[in-house]
Structures are given as C-alpha cells and as structure tokens.
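*Asks:* Pasting a structure here, questions to come.
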2 protein chains.
Amino acid sequence: MVSSSSPDSGPRPPAKRFELLTLGDELLLGLTANSHLTFIGAQLGRRGVILDRNVTITDEAEAIARQFRESWARADVILTTGGLGPTCDDRTREVIAAVLGQQLVFDPEIERAIAERFNQFGRKMTPNNLKQAYRFERGEVLPNANGTAPGLWVEQDGKVLCMLPGPPNELQPMFTEQVLPRLAQLGLVTDREAYVQIRTAGIGESALEAKLQPVFDRYGGALGVAFCAHQGQVDCRLSSPDGRLSLAEIDAIALECARLLGEDFLCFGYDCMAKVCADLLRAQEKTLAVAETATGGLLANAFTDICGASKFFAGGVVSYSHDAKMTLLDCPECLLNQHGAVSAECAVAMATGAAEKLGADYALAVTGFAGPCGGTKENPVGTIYLALHAPHGVWSKKLSYPGPRATVKVRAVNAALDWLRRELVRARRGEAMPARRISAIQ
Amino acid sequence: MVSSSSPDSGPRPPAKRFELLTLGDELLLGLTANSHLTFIGAQLGRRGVILDRNVTITDEAEAIARQFRESWARADVILTTGGLGPTCDDRTREVIAAVLGQQLVFDPEIERAIAERFNQFGRKMTPNNLKQAYRFERGEVLPNANGTAPGLWVEQDGKVLCMLPGPPNELQPMFTEQVLPRLAQLGLVTDREAYVQIRTAGIGESALEAKLQPVFDRYGGALGVAFCAHQGQVDCRLSSPDGRLSLAEIDAIALECARLLGEDFLCFGYDCMAKVCADLLRAQEKTLAVAETATGGLLANAFTDICGASKFFAGGVVSYSHDAKMTLLDCPECLLNQHGAVSAECAVAMATGAAEKLGADYALAVTGFAGPCGGTKENPVGTIYLALHAPHGVWSKKLSYPGPRATVKVRAVNAALDWLRRELVRARRGEAMPARRISAIQ
C-alpha cells in the first residue's frame, strides 16, 4: 500500500524494511498492552508503510544487544521504544552504541533541558538522570516535551535508527511531530496520508464491496482498495499503489463513493460515530438525552468523551431498577408491570421520559439483558430493545447480540449511535422517518 | 520468577525459552491491538514463565516460513496465533510443516467437527473449510469450541509447537483449558499460580514497599517480590524463586502483608475495584447510586460491568446541565447559582439527591472539568470534586488531575471507587467515618 502524492514519480524503489523493537518486561508479562505497535503501526500505515516486523523483548541489556544486532542487520529503519530510563539497569544506549560502533557523548544541552523540566515541577534532578543526557556521537537528539529522556536519531550505513521513550504520552507527540517529518524528508514515508479512508457504519464488508465495485472497476489496477472491518463499521482505504492516480483524483473517487453510499457513509478519516453524531447535533442546534439499563453508562460515556459535549448533551439516566425508571423517567408503573423492563414499550417510555425530563430534542433508550445472568424464553440473554425519540415521533427496535456481557454492551451502544446518526442525516436532508409511528417494532 | 509448588524439588533446570509469534497484517497496521501478547504473556507469567520474545509479522507465507525457521531454531516452546483461516492465502500450515519436516494429513474427525458447527448455525461448510481439517502427521488437535479452525500441537526435537486461531474469543478458552494443562504436564509451566498477588489501591509503590519491607526482610532471598504499578493501584507478587518456601508459607506471608496494609489492601488476585465494592455492598446488603458530570457515565459503567449489578446498583444520573441537576437530582437552583456546578456544595447536593431519588444507601457524585475546554482560575481543567453520601453522613473532597480528558475521567472514577471501598471496609469493621460531618472538604 505504498503510494506517493506525486503521480509522475515513475517506478517505486524497493520498499524499505521497517522494524519496531518494543522493550519492556511489562509487555512480555501482559501488564501493559503493546500500544506502541498499535500507534506506530497505524501512523506508518497512513504514510504508505507497513511494518515488516515488531519484536517485543525484555529490557535486559544482553538481550537488547542480541536482538538489536539481528534487527540492525536485516532492516533499513529500526524504531525502538523504552529502555531510556535513568536507573543503572537501563543500559540500552550503551549496548546499542556498541553494536553501531559509536561513542556515547555527554550533551550539556540535554542536561540543561532535563534540569529545567525538574525545575518546573519544583524538584531537583538526581545524579541518575545524568545518564539520560548522553547521545550518540554521530547522531541527533529528539526533544521530549512531556518527559525526561529525549529521543535519539542516527543515520548510519544507509539505515535509520530512532529511539523513543516508553511512556505513550511522551512517545506519541514525538512520533507525529518529529519522527514522521524526518522520515518523510528522507523519502521513507509519504509526506501526507497515503490513502483516503472512507468510514462506513451499519453495512457489512461484502455489501459495501458490492455497492462500490462499479466505481472500482472503472480504475482497475490503478486504484488500490483495502477494507478493514471493525465492530459495527467497515473502513475502506483508497490509494494509488503505482502513482498513476493523483491525490485529487483519489479524493474525487472517494467523494463519488460517499455519495453512492448515502446513509451508510459515516465520514472521511478517523472520527468515531459519537463524534459524527455530535457534529450533526451541533450543526442542527439540537440536544440529546439518553436513558440506559443494559449498557449501564457506556452510551452516555460515548458522548461525554467528546470535547464540548455540554453543547449538545443534556444528560442521561442509568435506570437500573423499576424505581429508577419510574422516579427519574416517569415510566408508568402499570407499563412496567404489564410489559416488563425489557420490552419495546419500556424502551419507548424511557426515551420519551428522558427527552421530557431533560428537555432534549432527541433521546436514545436502551434496555435489555446484557447477561450472562437474566433473560427469559422470549427475551434471552443478549436481547436489546432500543428506542429513539425525535422531534416528530418515537420508534423502537429489537436486536439480538449473543455473546459476553462486555460485547453485548458495546454492540448495543454502536447500534444506538448508528440509528441516531442515520436519523440526524435524514433530518439534515429534510427527510426524517415517517411521522407518527409510535412504538413500531422494526 | 519461576517457582514451584513443591519445596523439595531441588535446583531448577535451565529455564525454557518461550516465544510467541503473532501473525496478521491487522496487527502491523495497528488496526487491532495485540491482545494475544497481553493475554498469553499474563497467563504464562502467572505460571512462572516470562516470554522470551514476541514477534509480530505478516500472515504472508514466505515471511512466516522465514520467521518460523528462526524461531524454531532458537526457542523451546513456540506459540503461534492466527493464519489458520480457510482462504487460499492461508498457507501457514503448509510452510510450517515444511520447516518441521512433517506431512499434513487430512483428519476426518476435524472435518466432522467443522461440518457439525456449520450445521448448528444452519449453514453449509464450503470447500475452503476443508483445508482447516488438515493437521500435522505427527501432532495433535486442540478442539475449538468457538470457531472453525482447531488448534494444532506438536512435540518434536525436544521442542513444543502450539498453533492457535486468531480470534481472541476462540484462542483464550483454548489456552486456559487445553494449552496450560499440557504445558504443566510437561513441566514447562507450574501447575498452579506461581505467585500470590496482593492488590492494593490508593497507595504509591514506594510507600507500599516501605510498609512491607519489615516482612520481606525476614525472608531475604527466599522470597521473590515484584511490584506492578497501574493507575490508582499497585500489585505486589510474592513467590519462591528457588522453591525454599512452600505455597502455604507464601500464602501466610501474603495474609500477614494484607493485615499490615489495612484499608490499602484491595484483594488477593485479580478483581478490579468495582468488583470489590460490589462484593462489599452485596455482603452488607446495601445499595449504591451515582451522579456524575465530568466522568459522564464512566463511573456507572464501572459498576454495571459487574455481573448481577442489579443486586446492588440502584442507578445513576449523568447530570450534564444545570437543568439535569435540578430536575433529576433536586439540586437547589440557588446553590448552583451561588457556587456553580463545579464545587463541593454541588457535589454534595448531587450525591444526596441521587441517594434520595434512587432510594440508595450510598451514593457517589463527581463533578469537575474533564477538559480540555472549560476550567476557571480557581478550578482549572482537571479539577474534580467528589462527594460520598453514606447512611451516617456526606463528605466531599477536591482532587486535581492535570492531563488529557480521558485520563481525567479514568483517574476520577478510580478515586471515587477507592473512596467508597474504604468507607465500606470501615463500615464492615464498624468503624465508619466520623458522623455528622456534612460538606467537610478533606
């Protein structure tokens, strides 16, 4: 999937081999997820490079030396994470310098930066921190705005070594702000996104591919297409593997695909569904409330994760008991007695109650059996009733998500988000759902 | 950290080298987190083994062949994940068989199992699935209860190869139910947990170490101690690296540590804070309600992730606006006008309101500025006010969490959980917080 933003650059040179070395016992013991692979892999992917290999090893010096020797021999670009701490156990710089045949030199600039950072927090640098002021003699320093250890950069033997500190909040800005531009400068990654990503929701991969195939067929091998399926959504990445199509042409193809997809189209790029809903609500100056049992706060949380949620999110109720539904949402007791809490009728009452109590234009309600306990013959574990209250009516639907508790919650949240999104898209087009269809089960 | 449950087994044989090969482009492109490393690394760690290396590569046949050849030469136990799909691209079995010098044989038992599985879902097996019915001639099959491709197991050249399917919900039960017992049978992992884990909350690693050092000092090198710090909690693992201490002795040491730690002790093992709170509430037959703004549903979700939450969780309110606080929690308007929504007074009113409206014994409230927008000079972004309403009084505290939005939410939730937990522990001991201290800022 390596492509270039320039259509006239001729045949591509052989792809360079990128290897990621992630150091740390905490990774090998499963105490921390390997977020560096996820982040760096995705960032490189967006710039036309797929990692050749990720190797995770201990942060013990001899093991690092052995592995680095092997990686330095086989790869063109080696990125390392971790192992740059101040304790005497951290001998990473030393062993790597030995493999490179380089000296480590003390850099007073780095020392100054570290001392200043400690100062800012009203603390004093320790002697241990001095070792973090060493860099490779024939190499450069990558400043670290969020931590003590700077990154290190070496170009040698036609290869690149880039060493980054372990904490994600330090590594990630350094990678996007310093590493990617340097790699782009050297022509090792594209200088902008190597593909255009179309995000869809509520349509499966096969159906998506079938819808878009007529467009793809017009371009044959000139157009690179890759699908990535996630829970509740499928991403489609368009690129020009051999540079025949310009970025402007790919943008135009993507736009055509988006139009073809109608409501199935979520966005270009990387926004999540809650963000797309938030943008639609804000643009239409509408507000939203939620009422949930089975999802237990996860639906509200999806919206409140969005910055500036208070502009469109009126609030939510986690109505985990009959009392909660009656007291907070004005659900009629007779309704709960007659239909039960896990029913379309209850979902509709919850949505309407949330909209009215919180004075919101739209409301989403979720009730059901997340499991593994509970469930009835008619509504087994995994049964979910959603309701959507909109300015012009309220609807409900019944869904079925067999699976573990956490999965039921996530799938129910995604279904609710997508339903709201589609209604907001239709409202924007002036084509809201048919009016006056109360409590219709879809 | 390899230990044995038998104290008299003499010197340990040299540790075997375990390597994990995780296959899949989706891992290299950061589309999926490498949960296999996190899960398998942790499971092996609990049985006394630290992985030597994890290598993530593409699922392309030649690359797998090259990597497997290298791994098979250097490691004693190789675990692979992924690459066992039905499409013609999946040539993993073939290339690995070639490296092993083995034939692949068709196994009608596997075919029968696959056909039956398709039957259960009312579907028909495709010809492609037939390739999943092949196994190594001199090897065994690990049945897969949740998917099509069985796992494969080979003991050869004094080494072990275990191949598992990629989907986590298939791999994980297979690993715990089949792989670990087999490895234990061969003496490659301990047959039970190799350490006792003490989970603590609300105490830092240095302070924890200082508290327990007097106990540790009595055992010297006979007792293995490892600390793992997470957000809001620190785990301490006790083991007997050379087998001098029996499991019963380690249990006794752990119990002594737990008593020494008092309220800082969370649990033995792996329960999360919300689960510990849930158990305390259920045992004391008390109920809980929550009211949250800044954490926006995340606090309620922590409790509703626990199975059987309806036994102790009365419900929650995500009171994202002044109106929501007034309507759903009976917060007085004058209080909101005078002190604002981000104040101790508001937090207390929210907690009291939630307890009363939902008829709960305990209530937690969180208000604050999760950021990055908002904040005032007096209450900058990251300011959190918590309130805890208990049967005998209500208290509040002010916290400060500079950092990204998601981090503020998580830290606020952990602080609220730990505060409730400590109060419930004291209540269980009959030592609740001093009575009648309303609205005291701590």
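Letters A, B, ... go to the chains of the structure tokens in the order shown; residues in each chain start at 1; ligands are counted from 1 in the same order.
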Identify every residue of chain B that has at least one atom within 8 Å of any atom of chain A, counting only C-alpha atoms, and report the result as an MDAnalysis selection string.

*Replies:* chainID B and resid 27:35 37:42 44:45 50:58 228 294:301 304:305 307:308 310 313:321 323:324 327:328 357:358 371:373 405:406

*Asks:* Looking only at the backbone, which of the residues in range 257-306 of chain A does DSSP tag as strand (DSSP E), as a list in words?

*Replies:*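 Taking range 257-306 of chain A and keeping strand (DSSP E) gives Phe265, Leu266, Cys267, Phe268, Leu288, Ala289, Val290, Ala291 and Glu292 of chain A.
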
*Asks:* Might you pull out every residue within 12 Å of Gly220 in chain B, with only C-alpha atoms counted and same-chain residues fewer than 6 positions away left off, and present them as a PyMOL selection string?

*Replies:* chain B and resi 213-214+240-241+244-245

*Asks:* Do you know which residues are at most 7 Å from range 127-133 of chain B counting only C-alpha atoms, after dropping those on the same chain fewer than 2 positions away, and could you put them as a list in words?

*Replies:*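 Here the qualifying residues turn out to be Pro86, Thr87, Phe106, Asp107, Ile110, Glu111, Met125, Arg135 and Ala149 of chain B.
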
*Asks:* Which is closer to Thr148 in chain A than all the others in A:Trp395, A:Phe268, A:Phe118, A:Tyr385, using only C-alpha atoms?

*Replies:* A:Phe118

*Asks:* Just to confirm, what's the straight-line distance from CA of Pro380 in chain B to CA of Val408 in chain B in Å (one decimal)?

*Replies:*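 For CA of Pro380 in chain B relative to CA of Val408 in chain B, the distance reads 12.2 Å.
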
*Asks:* May I have all residues of range 63-106 of chain B that DSSP, computed from the backbone, assigns to helix (DSSP H, G or I), given as a list in words?

*Replies:*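 Checking each residue of range 63-106 of chain B, the helix (DSSP H, G or I) ones are Ala63, Ile64, Ala65, Arg66, Gln67, Phe68, Arg69, Glu70, Ser71, Trp72, Ala73, Arg74, Thr92, Arg93, Glu94, Val95, Ile96, Ala97, Ala98, Val99 and Leu100 of chain B.
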
*Asks:* Tell me, as a list in words, which residues lie within 9 Å of range 155-167 of chain A, counting only C-alpha atoms; anything in the same chain fewer than 6 positions away does not count.

*Replies:*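 Contacts, with the query itself left out: Thr22, Leu23, Gly24, His36, Trp72, Ala75, Asp76, Val77, Ile78, Leu79, Thr80, Thr81, Gly82, Gly83, Leu84, Gly85, Leu100, Arg138, Gly139, Glu140, Leu142, Asn144, Gly147, Thr148, Ala149, Met174, Phe175, Val179 and Leu183 of chain A.
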
*Asks:* Please measure the separation of CA of Glu205 in chain A and CA of Asp271 in chain A, giving the value in Å to one decimal.

*Replies:*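 These atoms are spaced 18.9 Å apart.
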
*Asks:* What is the CA of Ala194 in chain A-CA of Asp242 in chain A distance in Å, reported with one decimal?

*Replies:*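 The value is 11.6 Å.
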
*Asks:* Using only C-alpha atoms, which residues sit within 12 Å of Asp251 in chain A once same-chain residues fewer than 3 positions away are excluded, as an NGL selection string?

*Replies:* :A and (5 or 193-198 or 223 or 237-240 or 245-248 or 254-258 or 268-269)

*Asks:* Can you pull out the residues contacting Ala347 in chain A? Cut-off 8 Å, using only C-alpha atoms, and skip same-chain residues under 5 positions away; I want them as a ChimeraX atom specification.

*Replies:* /A:341-342,365-367,385-387,396
